[in-house]
file model_30.cif (mmCIF, C-alpha atoms)
data_protein
#
loop_
_atom_site.label_atom_id
_atom_site.label_comp_id
_atom_site.auth_asym_id
_atom_site.auth_seq_id
_atom_site.Cartn_x
_atom_site.Cartn_y
_atom_site.Cartn_z
CA MET A 203 -211.60 89.01 -5.94
CA LYS A 204 -209.83 89.62 -2.68
CA SER A 205 -206.59 87.71 -2.34
CA THR A 206 -207.55 84.48 -0.62
CA TRP A 207 -205.29 81.93 1.02
CA ILE A 208 -206.39 78.40 1.83
CA VAL A 209 -204.45 76.68 4.61
CA VAL A 210 -204.59 72.87 4.72
CA ALA A 211 -202.79 71.48 7.75
CA ASP A 212 -202.23 68.76 10.30
CA SER A 213 -199.63 68.38 13.04
CA THR A 214 -196.84 67.47 10.60
CA ARG A 215 -197.60 69.34 7.38
CA ALA A 216 -199.17 72.59 6.24
CA ARG A 217 -199.89 73.60 2.66
CA ILE A 218 -200.98 77.04 1.54
CA PHE A 219 -202.96 77.56 -1.64
CA THR A 220 -204.45 80.51 -3.46
CA ALA A 221 -207.13 80.84 -6.12
CA ASP A 222 -207.37 83.46 -8.88
CA THR A 223 -211.17 83.60 -8.92
CA PRO A 224 -213.91 82.33 -6.57
CA SER A 225 -214.41 79.22 -8.73
CA SER A 226 -210.88 78.57 -10.02
CA PRO A 227 -208.59 75.64 -9.15
CA LEU A 228 -206.15 75.95 -6.27
CA GLU A 229 -202.51 76.84 -6.78
CA GLU A 230 -200.06 75.74 -4.08
CA ILE A 231 -197.74 78.53 -2.95
CA GLU A 232 -196.15 77.07 0.22
CA ASP A 233 -195.53 73.64 1.75
CA PHE A 234 -194.30 73.31 5.33
CA SER A 235 -193.15 70.06 6.88
CA HIS A 236 -192.68 69.41 10.58
CA THR A 237 -190.80 66.11 10.75
CA GLU A 238 -190.48 66.28 14.54
CA GLY A 239 -194.22 65.69 14.76
CA ARG A 240 -193.79 62.31 13.04
CA LEU A 241 -191.38 60.97 15.64
CA HIS A 242 -192.41 58.46 18.28
CA ASP A 243 -192.59 59.68 21.87
CA ARG A 244 -189.47 57.69 22.76
CA GLU A 245 -187.55 59.50 19.99
CA MET A 246 -188.67 62.93 21.19
CA THR A 247 -187.52 62.56 24.74
CA SER A 248 -183.86 62.57 25.57
CA ASP A 249 -183.91 59.82 28.16
CA LEU A 250 -186.07 57.49 30.14
CA PRO A 251 -188.09 59.09 32.90
CA GLY A 252 -186.34 59.33 36.23
CA LYS A 253 -187.50 57.74 39.44
CA ILE A 254 -188.88 59.52 42.43
CA LYS A 255 -188.02 57.97 45.75
CA SER A 256 -190.78 57.83 48.25
CA THR A 257 -190.97 56.68 51.77
CA GLY A 258 -191.91 53.08 52.01
CA ALA A 259 -191.36 50.30 49.54
CA GLY A 260 -189.85 51.85 46.43
CA GLY A 261 -190.62 54.74 44.14
CA HIS A 262 -192.44 55.55 40.97
CA ALA A 263 -191.51 56.85 37.55
CA PHE A 264 -191.51 60.58 36.97
CA GLU A 265 -193.98 61.59 34.28
CA GLN A 266 -193.44 64.47 31.89
CA PRO A 267 -195.85 67.36 32.47
CA THR A 268 -196.74 67.60 28.75
CA ASP A 269 -197.12 65.03 26.04
CA PRO A 270 -194.20 65.37 23.57
CA LYS A 271 -196.50 64.88 20.53
CA LYS A 272 -198.86 67.62 21.72
CA HIS A 273 -195.92 69.92 22.41
CA GLU A 274 -194.58 69.42 18.86
CA ALA A 275 -198.04 69.99 17.36
CA ASP A 276 -198.40 73.21 19.37
CA THR A 277 -194.94 74.34 18.26
CA PHE A 278 -195.88 73.74 14.62
CA ALA A 279 -199.23 75.57 15.03
CA HIS A 280 -197.33 78.52 16.49
CA HIS A 281 -194.89 78.48 13.55
CA ILE A 282 -197.72 78.47 10.99
CA SER A 283 -199.53 81.25 12.88
CA GLN A 284 -196.40 83.41 12.87
CA TYR A 285 -195.98 82.86 9.14
CA LEU A 286 -199.61 83.86 8.52
CA GLU A 287 -199.21 86.96 10.67
CA GLU A 288 -196.10 88.05 8.76
CA ALA A 289 -197.83 87.39 5.42
CA HIS A 290 -200.87 89.39 6.53
CA ASN A 291 -198.64 92.29 7.64
CA ALA A 292 -197.04 92.20 4.18
CA ASN A 293 -200.54 92.36 2.60
CA ARG A 294 -200.14 89.00 0.87
CA PHE A 295 -203.75 87.95 1.58
CA GLU A 296 -207.03 89.52 2.65
CA GLN A 297 -209.06 86.48 3.65
CA LEU A 298 -208.28 83.02 4.91
CA LEU A 299 -209.89 79.58 4.62
CA ILE A 300 -208.63 76.83 6.93
CA ILE A 301 -208.96 73.07 6.58
CA ALA A 302 -207.16 71.20 9.34
CA ALA A 303 -207.21 67.93 11.22
CA PRO A 304 -209.70 68.38 14.09
CA SER A 305 -207.14 68.40 16.91
CA PHE A 306 -204.78 70.67 14.98
CA LEU A 307 -207.54 73.11 14.03
CA GLY A 308 -208.01 73.93 17.71
CA LEU A 309 -204.29 74.52 18.20
CA LEU A 310 -204.17 76.74 15.14
CA ARG A 311 -207.14 78.78 16.37
CA ASN A 312 -205.47 79.26 19.75
CA ASN A 313 -202.24 80.46 18.16
CA LEU A 314 -203.63 82.81 15.50
CA PRO A 315 -203.35 86.49 16.39
CA ASP A 316 -206.66 88.39 16.55
CA GLN A 317 -205.94 90.38 13.39
CA VAL A 318 -205.59 87.13 11.41
CA LYS A 319 -208.57 85.43 13.11
CA LYS A 320 -210.77 88.25 11.80
CA LEU A 321 -209.85 87.25 8.24
CA VAL A 322 -210.98 83.61 8.55
CA ARG A 323 -214.04 83.13 6.30
CA PHE A 324 -214.32 79.33 6.32
CA GLU A 325 -213.15 76.44 8.51
CA LEU A 326 -213.39 72.69 8.00
CA ASP A 327 -212.13 70.10 10.48
CA LYS A 328 -210.77 67.43 8.15
CA ASP A 329 -207.35 65.88 7.64
CA ILE A 330 -206.73 66.15 3.89
CA THR A 331 -203.12 67.35 3.66
CA LEU A 332 -202.09 64.41 1.48
CA MET A 333 -204.75 65.03 -1.17
CA SER A 334 -204.09 66.69 -4.51
CA ALA A 335 -205.01 70.35 -4.98
CA ALA A 336 -207.99 69.30 -7.15
CA ASP A 337 -209.29 66.94 -4.44
CA ILE A 338 -208.82 69.60 -1.75
CA ARG A 339 -210.79 72.04 -3.91
CA GLN A 340 -213.73 69.62 -3.80
CA HIS A 341 -213.94 70.12 -0.01
CA LEU A 342 -214.36 73.88 -0.36
CA PRO A 343 -217.52 75.74 -1.35
CA GLU A 344 -218.13 75.86 -5.10
CA PHE A 345 -217.58 79.61 -4.99
CA LEU A 346 -214.98 80.82 -2.50
CA PRO A 347 -216.03 83.71 -0.25
CA ASN A 348 -215.49 87.14 -1.73
CA LEU A 349 -216.35 89.48 1.12
#

call {"tool": "encode", "arguments": {"input": "model_30.cif", "output": "structure tokens"}}
result
Amino acid sequence: MKSTWIVVADSTRARIFTADTPSSPLEEIEDFSHTEGRLHDREMTSDLPGKIKSTGAGGHAFEQPTDPKKHEADTFAHHISQYLEEAHNANRFEQLLIIAAPSFLGLLRNNLPDQVKKLVRFELDKDITLMSAADIRQHLPEFLPNL
């Protein structure tokens, strides 16, 4: 069987598993945590928004151009993508299966380099990072791809 990695992720955690055979249980090989993604918006920003003066009776609050939560999720997706690229370049896996929370799956797709995207054999948009390896295995095909 080709070396297969299974990535299970959301905006605050990513776990990487492997399986010895197409029908074997999963074995966890990496666990990444992104605690910044768990913070509240007010904890991510350094200060209250400033005020913009306008002509007339008062001003309005300045809004940040990007949502802090989305920025942190994108940063984490980029980090995971870089790790996968380095692992691929080191020939640590030959095919990839991805299970990720729906909003994070899109960010991960956008950040993956083309050479890694070509190795994706299965995707599932589900948030199951907190499940056990045995429960995660139940969400995958009975026989993992072996292309």

call {"tool": "closest_residue", "arguments": {"input": "model_30.cif", "among": "A:Asn313, A:Ser235, A:Ser334, A:Gln297", "to": "Ala211 in chain A", "atoms": "all atoms listed in the file"}}
result
A:Ser235

call {"tool": "atom_distance", "arguments": {"input": "model_30.cif", "atom1": "CA of Glu287 in chain A", "atom2": "CA of Ser213 in chain A"}}
result
18.7 Å

call {"tool": "resolve_selection", "arguments": {"input": "model_30.cif", "expression": "the PyMOL selection byres ((chain A and resi 204) around 7)", "output": "JSON, numbers by chain"}}
result
{"A": [203, 205, 206, 296, 348]}

call {"tool": "closest_residue", "arguments": {"input": "model_30.cif", "among": "A:Ile300, A:Leu309, A:Leu228, A:Leu286", "to": "Asp337 in chain A", "atoms": "all atoms listed in the file"}}
result
A:Leu228

call {"tool": "atom_distance", "arguments": {"input": "model_30.cif", "atom1": "CA of Asn291 in chain A", "atom2": "CA of Leu307 in chain A"}}
result
22.1 Å

call {"tool": "closest_residue", "arguments": {"input": "model_30.cif", "among": "A:His341, A:Arg311, A:Arg323, A:Lys328", "to": "Ile282 in chain A", "atoms": "all atoms listed in the file"}}
result
A:Arg311

call {"tool": "resolve_selection", "arguments": {"input": "model_30.cif", "expression": "the PyMOL selection byres ((chain A and resi 327) around 8)", "output": "VMD selection string"}}
result
chain A and resid 301 to 304 307 325 to 326 328 to 329

call {"tool": "atom_distance", "arguments": {"input": "model_30.cif", "atom1": "CA of Ser226 in chain A", "atom2": "CA of Ser283 in chain A"}}
result
25.7 Å

call {"tool": "closest_residue", "arguments": {"input": "model_30.cif", "among": "A:Asp222, A:Asp269, A:Asp212, A:Glu288", "to": "Phe306 in chain A", "atoms": "only C-alpha atoms"}}
result
A:Asp212

call {"tool": "closest_residue", "arguments": {"input": "model_30.cif", "among": "A:Leu314, A:Phe234, A:Leu332, A:Asp276", "to": "Leu298 in chain A", "atoms": "all atoms listed in the file"}}
result
A:Leu314

call {"tool": "closest_residue", "arguments": {"input": "model_30.cif", "among": "A:Val318, A:Ala275, A:Ala292, A:Ala335", "to": "Ile231 in chain A", "atoms": "only C-alpha atoms"}}
result
A:Ala335

call {"tool": "axis_aligned_box", "arguments": {"input": "model_30.cif", "around": "range 286-301 of chain A", "padding_each_side": "8 Å", "output": "lines of an AutoDock Vina configuration file"}}
result
center_x = -203.0
center_y = 82.7
center_z = 5.8
size_x = 29.8
size_y = 35.3
size_z = 25.8

call {"tool": "residues_around", "arguments": {"input": "model_30.cif", "residues": "Glu232 in chain A", "least_positions_apart": "4", "cutoff": "10 Å", "atoms": "only C-alpha atoms", "output": "PyMOL selection string"}}
result
chain A and resi 209+216-220

call {"tool": "write_last_selection", "arguments": {"input": "model_30.cif", "atoms": "C-alpha atoms", "output": "mmCIF file, keeping the file's coordinate frame"}}
result
data_model
loop_
_atom_site.group_PDB
_atom_site.id
_atom_site.type_symbol
_atom_site.label_atom_id
_atom_site.label_comp_id
_atom_site.auth_asym_id
_atom_site.auth_seq_id
_atom_site.Cartn_x
_atom_site.Cartn_y
_atom_site.Cartn_z
ATOM 1 C CA VAL A 209 -204.450 76.680 4.610
ATOM 2 C CA ALA A 216 -199.170 72.590 6.240
ATOM 3 C CA ARG A 217 -199.890 73.600 2.660
ATOM 4 C CA ILE A 218 -200.980 77.040 1.540
ATOM 5 C CA PHE A 219 -202.960 77.560 -1.640
ATOM 6 C CA THR A 220 -204.450 80.510 -3.460
#
